[in-house]
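**Q** Input structure: my_file_33.cif, which contains mmCIF, C-alpha atoms.
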data_data
loop_
_atom_site.label_atom_id
_atom_site.label_comp_id
_atom_site.auth_asym_id
_atom_site.auth_seq_id
_atom_site.Cartn_x
_atom_site.Cartn_y
_atom_site.Cartn_z
CA MET C 27 272.07 173.70 -121.48
CA THR C 28 270.88 176.99 -119.95
CA HIS C 29 273.10 179.36 -117.97
CA VAL C 30 271.70 182.11 -115.73
CA VAL C 31 273.74 185.25 -115.04
CA SER C 32 272.49 187.72 -112.43
CA LEU C 33 274.09 191.16 -112.30
CA VAL C 34 273.42 194.51 -110.69
CA GLU C 35 273.47 197.77 -112.63
CA HIS C 36 276.91 199.46 -112.52
CA ALA C 37 278.20 196.96 -109.92
CA PRO C 38 281.86 195.78 -110.04
CA ALA C 39 282.68 193.03 -112.55
CA ARG C 40 282.10 189.42 -111.50
CA SER C 41 283.44 186.13 -112.85
CA PHE C 42 281.12 183.39 -114.10
CA PRO C 43 282.01 179.89 -115.36
CA LEU C 44 280.84 180.07 -118.98
CA SER C 45 281.77 178.40 -122.23
CA ASP C 46 283.61 180.40 -124.85
CA ALA C 47 280.53 180.25 -127.09
CA ILE C 48 278.34 181.82 -124.41
CA GLY C 49 280.97 184.41 -123.54
CA ARG C 50 281.36 185.44 -127.17
CA ALA C 51 277.56 185.61 -127.46
CA LEU C 52 277.40 188.02 -124.52
CA THR C 53 280.12 190.15 -126.09
CA ALA C 54 278.28 190.22 -129.44
CA SER C 55 274.98 191.18 -127.80
CA LYS C 56 276.48 194.45 -126.45
CA ILE C 57 274.07 194.47 -123.53
CA LEU C 58 276.89 194.54 -120.97
CA GLU C 59 279.51 197.19 -120.36
CA GLU C 60 282.22 194.56 -119.92
CA ALA C 61 282.39 190.96 -121.14
CA GLY C 62 285.72 189.18 -121.54
CA PRO C 63 287.69 186.11 -120.46
CA ASP C 64 288.96 186.21 -116.89
CA PRO C 65 292.79 186.09 -117.14
CA TYR C 66 293.04 184.64 -113.62
CA ALA C 67 290.35 181.95 -113.88
CA PRO C 68 290.45 179.63 -116.91
CA GLY C 69 286.98 178.83 -118.19
CA ALA C 70 285.45 181.92 -116.59
CA TRP C 71 284.31 185.25 -118.03
CA ARG C 72 284.31 188.63 -116.28
CA LEU C 73 280.99 190.41 -116.74
CA ARG C 74 279.86 193.88 -115.69
CA ALA C 75 276.53 195.57 -116.33
CA GLY C 76 276.28 199.21 -117.32
CA SER C 77 273.13 201.31 -117.36
CA LYS C 78 270.92 198.73 -119.10
CA ILE C 79 268.57 196.79 -116.83
CA GLY C 80 266.10 193.96 -117.44
CA ALA C 81 266.34 190.40 -118.72
CA VAL C 82 267.62 188.94 -121.97
CA ALA C 83 267.72 185.37 -123.26
CA LEU C 84 270.46 184.54 -125.75
CA THR C 85 270.04 181.32 -127.73
CA LEU C 86 272.91 179.79 -129.69
CA PRO C 87 272.57 177.34 -132.56
CA GLY C 88 272.02 173.98 -130.90
CA SER C 89 270.86 173.71 -127.30
CA GLU C 90 273.05 176.15 -125.40
CA SER C 91 271.56 179.41 -124.08
CA VAL C 92 272.09 182.03 -121.39
CA THR C 93 269.66 184.26 -119.53
CA VAL C 94 271.02 187.55 -118.23
CA ARG C 95 269.14 189.39 -115.48
CA ILE C 96 270.28 192.89 -114.59
CA THR C 97 268.77 194.40 -111.45
CA PRO C 98 268.48 198.20 -111.10
CA LYS C 99 270.11 199.94 -108.16
CA VAL C 100 266.92 201.83 -107.35
CA PRO C 101 263.94 199.92 -105.93
CA VAL C 102 261.71 198.47 -108.64
CA ALA C 103 258.70 200.44 -107.39
CA ARG C 104 260.73 203.64 -107.76
CA LEU C 105 261.78 202.71 -111.27
CA LEU C 106 258.16 202.17 -112.31
CA PHE C 107 257.24 205.50 -110.76
CA LEU C 108 259.92 207.18 -112.90
CA LEU C 109 258.54 205.46 -116.00
CA GLY C 110 254.93 206.21 -115.17
CA TYR C 111 255.52 209.83 -114.21
CA SER C 112 257.41 210.48 -117.43
CA SER C 113 254.42 209.32 -119.46
CA ASP C 114 251.68 210.91 -117.32
CA PRO C 115 253.00 213.36 -114.68
CA ARG C 116 249.63 214.30 -113.23
CA GLY C 117 248.27 210.77 -113.14
CA TRP C 118 251.26 209.23 -111.34
CA ARG C 119 251.73 211.57 -108.40
CA ASP C 120 250.40 208.83 -106.12
CA GLY C 121 253.33 206.59 -107.04
CA GLY C 122 251.42 204.20 -109.26
CA VAL C 123 250.07 200.81 -108.22
CA ASP C 124 250.92 198.59 -105.27
CA LEU C 125 253.98 196.52 -106.19
CA ALA C 126 254.96 195.23 -102.75
CA GLU C 127 254.56 191.61 -103.79
CA HIS C 128 257.06 191.90 -106.67
CA ASP C 129 260.71 192.78 -106.15
CA GLU C 130 261.93 191.90 -109.67
CA LEU C 131 261.55 194.18 -112.65
CA LEU C 132 259.63 192.02 -115.13
CA PRO C 133 256.98 190.69 -112.69
CA ALA C 134 256.48 194.19 -111.27
CA LEU C 135 256.18 195.76 -114.70
CA ALA C 136 253.73 193.10 -115.91
CA HIS C 137 251.65 193.64 -112.77
CA ALA C 138 251.66 197.43 -113.27
CA VAL C 139 250.69 197.16 -116.94
CA GLU C 140 247.80 194.81 -116.14
CA ARG C 141 246.46 197.05 -113.37
CA GLN C 142 246.66 200.21 -115.49
CA ILE C 143 244.97 198.52 -118.46
CA ASP C 144 242.20 197.29 -116.16
CA ARG C 145 241.65 200.86 -114.96
CA ALA C 146 241.68 202.20 -118.52
CA LEU C 147 239.08 199.69 -119.77
CA ARG C 148 236.57 199.98 -116.94
CA GLN C 149 234.35 202.06 -119.23
CA GLY C 150 234.96 199.78 -122.20
CA LEU C 151 237.24 200.05 -125.21
CA LEU C 152 237.91 203.54 -126.49
CA GLN C 153 236.54 204.26 -129.96
CA GLY C 154 237.71 206.74 -132.53
CA TYR C 155 237.99 207.50 -136.23
CA ARG C 156 240.60 205.70 -138.30
CA THR C 157 241.42 206.61 -141.88
CA THR C 158 241.19 203.54 -144.13
CA GLU C 159 242.18 203.01 -147.76
CA GLU C 160 240.87 199.92 -149.54
CA SER C 161 239.57 198.41 -152.77
CA SER C 162 235.78 198.21 -152.52
CA GLN C 163 232.85 197.06 -154.63
CA VAL C 164 230.88 199.98 -153.17
CA VAL C 165 231.98 203.60 -153.45
CA ARG C 166 232.17 205.11 -149.98
CA GLY C 167 234.06 208.11 -148.71
CA ARG C 168 236.36 209.66 -151.31
CA LEU C 169 237.55 208.10 -154.56
CA LEU C 170 241.34 207.96 -154.96
CA GLU C 171 241.44 208.93 -158.61
CA ALA C 172 245.17 208.52 -159.22
CA GLN C 173 245.23 205.04 -157.67
CA GLN C 174 242.06 204.08 -159.52
CA VAL C 175 243.59 204.97 -162.90
CA ARG C 176 246.94 203.33 -162.08
CA ARG C 177 245.55 200.09 -160.68
CA ARG C 178 242.24 199.58 -162.53
CA PHE C 179 243.04 201.00 -166.01
CA GLY C 180 239.65 202.68 -166.44
CA MET C 181 237.50 200.03 -164.73
CA SER C 182 234.80 201.48 -162.48
CA LEU C 183 234.89 198.63 -159.95
CA PRO C 184 236.45 197.73 -157.64
CA ALA C 185 236.96 201.32 -156.52
CA GLU C 186 240.03 202.64 -154.69
CA VAL C 187 238.53 204.67 -151.86
CA THR C 188 239.48 206.29 -148.57
CA PHE C 189 237.11 206.90 -145.68
CA ASP C 190 237.06 207.53 -141.94
CA GLU C 191 235.72 204.60 -139.93
CA PHE C 192 234.48 204.83 -136.33
CA THR C 193 236.05 201.79 -134.71
CA THR C 194 237.81 200.37 -131.66
CA ASP C 195 240.80 199.32 -133.82
CA ILE C 196 242.67 202.57 -133.14
CA ALA C 197 246.24 203.37 -132.15
CA GLU C 198 245.54 203.48 -128.40
CA ASN C 199 243.97 200.02 -128.28
CA ARG C 200 246.58 198.55 -130.61
CA LEU C 201 249.36 199.74 -128.30
CA LEU C 202 247.73 198.24 -125.20
CA CYS C 203 246.94 194.97 -127.00
CA SER C 204 250.49 194.66 -128.34
CA ALA C 205 252.04 195.34 -124.92
CA VAL C 206 249.95 192.55 -123.38
CA ASP C 207 250.97 190.17 -126.17
CA ARG C 208 254.61 191.03 -125.64
CA LEU C 209 254.47 190.45 -121.88
CA LEU C 210 252.70 187.11 -122.37
CA ARG C 211 255.59 185.92 -124.56
CA LEU C 212 258.27 186.76 -122.00
CA PRO C 213 259.40 184.13 -119.48
CA GLY C 214 259.42 185.18 -115.85
CA VAL C 215 255.90 186.63 -115.62
CA PRO C 216 254.24 185.03 -112.54
CA GLY C 217 251.31 182.71 -113.18
CA ALA C 218 248.77 184.88 -111.38
CA VAL C 219 249.81 187.98 -113.32
CA ARG C 220 249.87 186.01 -116.57
CA ALA C 221 246.29 184.85 -115.94
CA ARG C 222 245.13 188.44 -115.40
CA LEU C 223 246.95 189.53 -118.56
CA MET C 224 245.12 186.80 -120.48
CA ARG C 225 241.80 188.17 -119.22
CA GLN C 226 242.79 191.65 -120.39
CA ARG C 227 243.82 190.23 -123.76
CA SER C 228 240.34 188.77 -124.24
CA ARG C 229 238.89 192.27 -124.04
CA PHE C 230 240.75 193.39 -127.19
CA VAL C 231 238.49 191.51 -129.60
CA GLY C 232 238.85 192.86 -133.14
CA ILE C 233 242.04 194.78 -132.35
CA MET C 234 244.97 194.17 -134.69
CA PRO C 235 248.21 193.90 -132.66
CA LEU C 236 251.47 195.25 -134.00
CA VAL C 237 253.75 193.02 -136.03
CA PRO C 238 257.12 192.44 -134.27
CA GLY C 239 259.52 195.13 -135.45
CA GLN C 240 256.71 197.44 -136.59
CA VAL C 241 257.00 201.06 -135.49
CA PRO C 242 254.31 201.72 -132.85
CA PRO C 243 251.56 204.09 -134.06
CA SER C 244 251.52 207.61 -132.70
CA TRP C 245 248.71 208.97 -130.54
CA GLN C 246 247.85 212.38 -129.15
CA PRO C 247 246.78 212.92 -125.52
CA THR C 248 243.28 214.40 -125.46
CA ARG C 249 240.39 214.73 -123.06
CA LEU C 250 238.72 211.74 -124.74
CA ASN C 251 241.61 209.32 -124.09
CA LEU C 252 242.52 210.71 -120.66
CA ARG C 253 241.70 207.43 -118.89
CA TYR C 254 244.21 205.66 -121.16
CA HIS C 255 247.20 207.93 -120.51
CA ALA C 256 248.91 206.00 -117.69
CA ALA C 257 248.36 202.63 -119.38
CA LEU C 258 249.65 203.94 -122.71
CA GLY C 259 252.80 205.27 -121.12
CA LEU C 260 253.68 201.87 -119.67
CA ALA C 261 252.64 200.07 -122.85
CA GLU C 262 255.03 202.22 -124.89
CA ALA C 263 257.78 201.48 -122.36
CA VAL C 264 257.14 197.76 -122.78
CA LEU C 265 257.30 197.98 -126.57
CA ARG C 266 260.43 200.17 -126.54
CA GLY C 267 262.22 197.88 -124.11
CA SER C 268 261.31 194.66 -125.92
CA SER C 269 263.40 193.28 -128.74
CA VAL C 270 263.79 190.13 -130.78
CA GLU C 271 267.02 190.20 -132.76
CA HIS C 272 268.92 187.71 -134.90
CA LEU C 273 272.63 188.36 -134.58
CA PRO C 274 275.45 186.97 -136.74
CA GLY C 275 276.21 183.29 -136.38
CA GLY C 276 272.61 182.24 -135.78
CA LEU C 277 272.52 183.88 -132.35
CA ARG C 278 269.00 184.88 -131.25
CA MET C 279 268.46 187.56 -128.61
CA ASP C 280 265.01 187.89 -127.08
CA GLY C 281 264.77 190.27 -124.19
CA PHE C 282 263.44 193.20 -122.35
CA LEU C 283 265.78 196.06 -121.45
CA PHE C 284 265.57 199.61 -120.17
CA ASP C 285 268.40 202.11 -120.44
CA MET C 286 268.49 203.95 -117.11
CA ASN C 287 270.14 206.91 -118.81
CA GLY C 288 266.98 207.53 -120.83
CA VAL C 289 264.61 206.72 -117.94
CA TYR C 290 266.33 209.22 -115.64
CA GLU C 291 266.64 211.88 -118.32
CA ASP C 292 262.95 211.65 -119.23
CA PHE C 293 261.88 211.85 -115.60
CA VAL C 294 264.03 214.85 -114.68
CA CYS C 295 263.00 216.84 -117.76
CA LYS C 296 259.27 216.10 -117.35
CA ALA C 297 259.39 216.82 -113.61
CA LEU C 298 261.21 220.13 -114.15
CA ARG C 299 258.65 221.12 -116.76
CA GLU C 300 255.78 220.39 -114.37
CA ALA C 301 257.49 222.25 -111.52
CA MET C 302 258.09 225.34 -113.66
CA ARG C 303 254.69 225.36 -115.36
CA PRO C 304 253.05 227.69 -112.76
CA HIS C 305 255.76 230.30 -113.36
CA GLY C 306 254.84 230.99 -116.99
CA GLY C 307 257.12 230.59 -119.97
CA ARG C 308 257.52 227.30 -121.77
CA SER C 309 259.91 224.36 -121.83
CA ALA C 310 261.57 222.48 -124.68
CA LEU C 311 263.04 219.00 -124.31
CA GLN C 312 265.87 217.59 -126.41
CA VAL C 313 266.23 220.85 -128.33
CA ARG C 314 267.70 220.30 -131.80
CA SER C 315 267.72 223.85 -133.16
CA ILE C 316 270.73 225.12 -131.20
CA HIS C 317 274.19 225.38 -132.78
CA MET C 318 277.51 226.28 -131.23
CA ASP C 319 278.99 228.05 -134.27
CA GLU C 320 277.71 230.92 -136.40
CA GLY C 321 277.71 228.68 -139.46
CA ASP C 322 275.22 226.29 -137.83
CA SER C 323 277.42 223.26 -138.54
CA ILE C 324 277.96 222.13 -134.91
CA ARG C 325 274.64 221.06 -133.46
CA LEU C 326 274.01 221.03 -129.71
CA ARG C 327 271.25 219.08 -128.00
CA PRO C 328 270.55 220.14 -124.40
CA ASP C 329 268.04 218.01 -122.51
CA PHE C 330 266.02 220.92 -121.11
CA VAL C 331 265.65 224.58 -122.08
CA TRP C 332 263.21 226.98 -120.41
CA TYR C 333 262.05 230.03 -122.35
CA GLY C 334 260.69 233.04 -120.50
CA ASP C 335 257.57 235.00 -121.42
CA SER C 336 259.68 237.09 -123.79
CA GLY C 337 260.51 233.95 -125.79
CA LYS C 338 264.21 234.08 -124.93
CA PRO C 339 265.97 231.09 -123.27
CA THR C 340 266.57 231.64 -119.57
CA ILE C 341 267.49 228.18 -118.19
CA VAL C 342 269.44 225.25 -119.64
CA ALA C 343 269.88 221.89 -117.92
CA ASP C 344 271.20 218.40 -118.68
CA ALA C 345 270.28 215.23 -116.80
CA LYS C 346 273.17 212.82 -116.18
CA TYR C 347 272.60 209.30 -114.90
CA LYS C 348 276.13 207.96 -114.86
CA ALA C 349 278.81 206.56 -112.61
CA ARG C 350 280.60 209.41 -110.90
CA LYS C 351 284.29 209.72 -110.17
CA ARG C 352 285.51 208.97 -106.68
CA ARG C 353 286.19 212.65 -105.98
CA GLY C 354 283.37 214.25 -107.94
CA PHE C 355 281.59 214.40 -111.27
CA PRO C 356 283.16 214.08 -114.76
CA ASN C 357 284.77 217.28 -116.02
CA GLU C 358 283.61 216.65 -119.59
CA ASP C 359 280.03 217.33 -118.48
CA LEU C 360 281.11 220.81 -117.42
CA TYR C 361 282.68 221.45 -120.81
CA GLN C 362 279.45 220.37 -122.51
CA MET C 363 277.33 222.64 -120.32
CA LEU C 364 279.69 225.56 -120.93
CA ALA C 365 279.08 225.10 -124.67
CA TYR C 366 275.32 225.20 -124.08
CA CYS C 367 275.55 228.37 -122.02
CA THR C 368 277.80 230.08 -124.56
CA ALA C 369 275.55 229.21 -127.51
CA LEU C 370 272.40 230.32 -125.67
CA GLY C 371 273.99 233.41 -124.13
CA LEU C 372 273.14 232.32 -120.57
CA PRO C 373 275.13 233.18 -117.42
CA GLU C 374 274.30 229.87 -115.70
CA GLY C 375 273.87 226.21 -116.58
CA HIS C 376 272.69 223.21 -114.56
CA LEU C 377 273.80 219.56 -114.53
CA VAL C 378 271.41 217.25 -112.66
CA TYR C 379 272.95 213.96 -111.51
CA ALA C 380 271.46 210.94 -109.80
CA LYS C 381 272.67 211.08 -106.17
CA GLY C 382 276.28 212.26 -106.13
CA ASN C 383 278.97 212.76 -103.55
CA VAL C 384 277.65 216.22 -102.65
CA SER C 385 274.22 217.79 -102.97
CA HIS C 386 275.39 220.87 -104.88
CA ALA C 387 278.53 222.38 -106.34
CA SER C 388 279.06 225.45 -108.50
CA HIS C 389 281.98 226.70 -110.58
CA ARG C 390 282.60 230.13 -112.09
CA VAL C 391 284.48 229.85 -115.39
CA ARG C 392 287.62 231.99 -115.64
CA HIS C 393 287.46 235.00 -117.99
CA ALA C 394 283.83 234.19 -118.86
CA GLY C 395 281.93 234.56 -115.60
CA THR C 396 279.60 231.68 -116.48
CA VAL C 397 278.47 229.72 -113.42
CA LEU C 398 278.02 225.95 -113.85
CA HIS C 399 275.93 224.19 -111.21
CA GLN C 400 276.09 220.49 -110.38
CA HIS C 401 273.07 219.12 -108.53
CA ALA C 402 272.40 215.60 -107.24
CA ILE C 403 268.92 214.07 -106.94
CA ASP C 404 268.40 211.25 -104.45
CA LEU C 405 266.30 208.58 -106.18
CA ASP C 406 266.18 206.40 -103.07
CA GLN C 407 263.16 208.13 -101.54
CA GLN C 408 259.39 208.09 -101.81
CA PRO C 409 257.77 209.77 -104.84
CA ALA C 410 256.50 212.73 -102.79
CA GLY C 411 259.98 213.48 -101.48
CA LEU C 412 261.52 213.01 -104.92
CA LEU C 413 259.10 215.46 -106.53
CA ALA C 414 259.62 217.93 -103.68
CA GLU C 415 263.37 217.81 -104.36
CA ILE C 416 262.76 218.50 -108.05
CA GLU C 417 260.48 221.42 -107.17
CA ALA C 418 263.18 222.87 -104.92
CA LEU C 419 265.67 222.49 -107.75
CA ALA C 420 263.28 224.28 -110.12
CA ARG C 421 262.99 227.19 -107.68
CA HIS C 422 266.78 227.35 -107.49
CA MET C 423 267.00 227.52 -111.28
CA LEU C 424 264.26 230.14 -111.56
CA HIS C 425 265.34 232.43 -108.76
CA GLY C 426 269.02 231.66 -108.23
CA SER C 427 270.73 231.15 -104.89
CA ASP C 428 273.27 232.80 -102.67
CA MET C 429 275.91 230.43 -104.01
CA SER C 430 275.35 231.40 -107.63
CA SER C 431 275.31 235.10 -106.80
CA GLN C 432 278.64 234.70 -105.03
CA GLY C 433 280.03 232.87 -108.03
CA GLY C 434 281.13 229.56 -106.52
CA HIS C 435 284.62 228.26 -107.20
CA PRO C 436 286.60 229.21 -110.32
CA LEU C 437 286.57 226.29 -112.75
CA GLY C 438 290.02 224.75 -112.91
CA ALA C 439 291.19 226.20 -109.61
CA ALA C 440 293.08 223.92 -107.28
#
For the file at hand, write its structure as structure tokens.

**A**
Amino acid sequence: MTHVVSLVEHAPARSFPLSDAIGRALTASKILEEAGPDPYAPGAWRLRAGSKIGAVALTLPGSESVTVRITPKVPVARLLFLLGYSSDPRGWRDGGVDLAEHDELLPALAHAVERQIDRALRQGLLQGYRTTEESSQVVRGRLLEAQQVRRRFGMSLPAEVTFDEFTTDIAENRLLCSAVDRLLRLPGVPGAVRARLMRQRSRFVGIMPLVPGQVPPSWQPTRLNLRYHAALGLAEAVLRGSSVEHLPGGLRMDGFLFDMNGVYEDFVCKALREAMRPHGGRSALQVRSIHMDEGDSIRLRPDFVWYGDSGKPTIVADAKYKARKRRGFPNEDLYQMLAYCTALGLPEGHLVYAKGNVSHASHRVRHAGTVLHQHAIDLDQQPAGLLAEIEALARHMLHGSDMSSQGGHPLGAA
């Protein structure tokens, strides 16, 4: 028996008639923010989605299973723009591909991946050099002396060698091939899109796909693989979001999930970096070298730090995609930003939320003078307007505003 549960990201909890086995499976999967028996409806479970979106199939020992679909609050086309822009800011300014025919996440994503791969392969498969180590009857490249002695005990052949091979079986093609394979295994991909994905798969002849669970190979953006950039960004998103897990009790979870916290954070940081690029300096994302104490035992990790031409930090920002309080934003975010500003020696800090109650608020901290800004980005707009809002925010950070110069409201004041 198969149950289908449809939820909306961060929507209020809903009750569903489910067996205890299915309910416990949903609780064990940890894909929902709330999953528990409904005290007012026997035989029902209250379920609420958090920031994870996508679709997951949970299969119990026997025949019982449940499919959970979590719809994002933002339009699917906007979500794919956020994903695509984060991977290739300059290639996705047009908003990506036409997704009007698909209003669900998985069909739209599969369609976008297929279109981008088709664009990437119009000039054929990319080729490159791949370092290979093997046992060979012919000496080619460089002899691995230590391995030869350890494995062959003085025998001259076969030889343990390493060489660079010019081939199509490189990281870029393996990522695209593996993403197509993954999408073809997921239920819910429309037949027409599945047929086009099969045609793309036939073009990856001789490419070794990744083994499930294998860490995707790294690649470096260059002029030579420029036509692959947009497709690679979506392929990596597919592979990151996909999972096949075996949980305790024989429970199998096979799904595809995005965490909107990470999607929003990546987009804001990449968009701020692009907006500030013409002004000189450099940006650092997810900085790990900052500590709050002089003994370097308390590590801080701001999402975005901008360093001026002198090499000193001048701007710090954190992106926050979270449910806001009825009367404002969480105070703990302000405490976190104050720690960043103190450690970096900055007079201002910026918190960037996804569409809040107000467009901007600022607070001057008592006895410190530090000004903490809270901004809100409206994701429910076209890509051009969204990027224009980010550019305006970048100008505010770079040049300040009348509000920050006046100091805003004292933090903690009534």

**Q** Once the PyMOL selection byres ((chain C and resi 68) around 12) is applied to the coordinates I shared, what remains selected? I want it as a PDB file with C-alpha atoms, keeping the file's coordinate frame.

**A**
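Saved the output as out38.pdb:
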ATOM      1  CA  SER C  41     283.440 186.130-112.850  1.00  0.00           C
ATOM      2  CA  PHE C  42     281.120 183.390-114.100  1.00  0.00           C
ATOM      3  CA  PRO C  43     282.010 179.890-115.360  1.00  0.00           C
ATOM      4  CA  LEU C  44     280.840 180.070-118.980  1.00  0.00           C
ATOM      5  CA  SER C  45     281.770 178.400-122.230  1.00  0.00           C
ATOM      6  CA  ASP C  46     283.610 180.400-124.850  1.00  0.00           C
ATOM      7  CA  GLY C  62     285.720 189.180-121.540  1.00  0.00           C
ATOM      8  CA  PRO C  63     287.690 186.110-120.460  1.00  0.00           C
ATOM      9  CA  ASP C  64     288.960 186.210-116.890  1.00  0.00           C
ATOM     10  CA  PRO C  65     292.790 186.090-117.140  1.00  0.00           C
ATOM     11  CA  TYR C  66     293.040 184.640-113.620  1.00  0.00           C
ATOM     12  CA  ALA C  67     290.350 181.950-113.880  1.00  0.00           C
ATOM     13  CA  GLY C  69     286.980 178.830-118.190  1.00  0.00           C
ATOM     14  CA  ALA C  70     285.450 181.920-116.590  1.00  0.00           C
ATOM     15  CA  TRP C  71     284.310 185.250-118.030  1.00  0.00           C
ATOM     16  CA  ARG C  72     284.310 188.630-116.280  1.00  0.00           C
TER      17      ARG C  72
END

**Q** Residues near stretch 310-325 of chain C, anyone? I mean within 10 Å using only C-alpha atoms, not counting same-chain ones fewer than 5 positions away, as a PyMOL selection string.

**A** chain C and resi 291-292+295-296+299+330-333+339+342-344+365-370

**Q** With the file shown as input, list the residues that the PyMOL selection byres ((chain C and resi 247) around 12) selects, as a ChimeraX atom specification.

**A** /C:113-114,197-198,244-246,248-256,258-259

**Q** What would the file look like if the residues just selected were written as a PDB file, in the coordinates of the input with C-alpha atoms?

**A**
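What follows is the written file part.pdb:
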ATOM      1  CA  SER C 113     254.420 209.320-119.460  1.00  0.00           C
ATOM      2  CA  ASP C 114     251.680 210.910-117.320  1.00  0.00           C
ATOM      3  CA  ALA C 197     246.240 203.370-132.150  1.00  0.00           C
ATOM      4  CA  GLU C 198     245.540 203.480-128.400  1.00  0.00           C
ATOM      5  CA  SER C 244     251.520 207.610-132.700  1.00  0.00           C
ATOM      6  CA  TRP C 245     248.710 208.970-130.540  1.00  0.00           C
ATOM      7  CA  GLN C 246     247.850 212.380-129.150  1.00  0.00           C
ATOM      8  CA  THR C 248     243.280 214.400-125.460  1.00  0.00           C
ATOM      9  CA  ARG C 249     240.390 214.730-123.060  1.00  0.00           C
ATOM     10  CA  LEU C 250     238.720 211.740-124.740  1.00  0.00           C
ATOM     11  CA  ASN C 251     241.610 209.320-124.090  1.00  0.00           C
ATOM     12  CA  LEU C 252     242.520 210.710-120.660  1.00  0.00           C
ATOM     13  CA  ARG C 253     241.700 207.430-118.890  1.00  0.00           C
ATOM     14  CA  TYR C 254     244.210 205.660-121.160  1.00  0.00           C
ATOM     15  CA  HIS C 255     247.200 207.930-120.510  1.00  0.00           C
ATOM     16  CA  ALA C 256     248.910 206.000-117.690  1.00  0.00           C
ATOM     17  CA  LEU C 258     249.650 203.940-122.710  1.00  0.00           C
ATOM     18  CA  GLY C 259     252.800 205.270-121.120  1.00  0.00           C
TER      19      GLY C 259
END

**Q** Using Å and a single decimal, report how far atom CA of C:Val139 sits from atom CA of C:Ser55.

**A**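 It comes out at 27.3 Å.
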
**Q** Nearest to C:Ala81 among C:Val215, C:Leu277, C:Leu412, C:Leu106, with distances taken over only C-alpha atoms: which residue is it?

**A**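 Checking each of C:Val215, C:Leu277, C:Leu412, C:Leu106 against C:Ala81, counting only C-alpha atoms, the winner is C:Val215.
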
**Q** Between atom CA of C:Arg421 and atom CA of C:Val100, what is the distance in Å, rounded to a tenth?

**A**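 About the pair atom CA of C:Arg421 and atom CA of C:Val100: they are 25.7 Å apart.
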
**Q** Applying 7 Å and all atoms listed in the file, which residues near stretch 143-160 of chain C remain after dropping the ones on its own chain fewer than 2 positions away? List them as a list in words.

**A**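 Here the qualifying residues turn out to be Val139, Glu140, Arg141, Ser162, Glu186, Val187, Thr188, Phe189, Asp190, Glu191, Phe192, Thr193, Thr194, Ile196, Arg253, Tyr254 and Ala257 of chain C.
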
**Q** Skipping near chain neighbours, those fewer than 6 positions away, what residues fall within 10 Å of C:Asp207 using all atoms listed in the file, listed as a list in words?

**A**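 Contacts, in chain order: Leu201, Leu223, Met224, Arg227, Pro235 and Leu236 of chain C.
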
**Q** Select, from C:Ala218, C:Phe293, C:Arg390, C:Gln240, the residue with the minimum atom-to-atom distance to C:Leu405, counting all atoms listed in the file.

**A**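 Using all atoms listed in the file, C:Leu405 sits closest to C:Phe293.
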
**Q** Emit as JSON the padded axis-aligned box for all listed atoms of stretch 334-340 of chain C, 5 Å per side, with centre and edge lengths in Å to one decimal.

**A**
{"center_x": 262.1, "center_y": 234.1, "center_z": -122.7, "size_x": 19.0, "size_y": 16.0, "size_z": 16.2}

**Q** What lies within 9 Å of C:Ala61 using all atoms listed in the file, ignoring chain neighbours under 3 positions off, as a list in words?

**A** Ala39, Gly49, Arg50, Leu52, Thr53, Lys56, Leu58, Trp71, Arg72, Leu73, Arg74 and Ala75 of chain C

**Q** Figure out the distance between atom CA of C:Val289 and atom CA of C:Leu109, please, to one decimal in Å.

**A**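 We find that atom CA of C:Leu109 and atom CA of C:Val289 lie 6.5 Å from each other.
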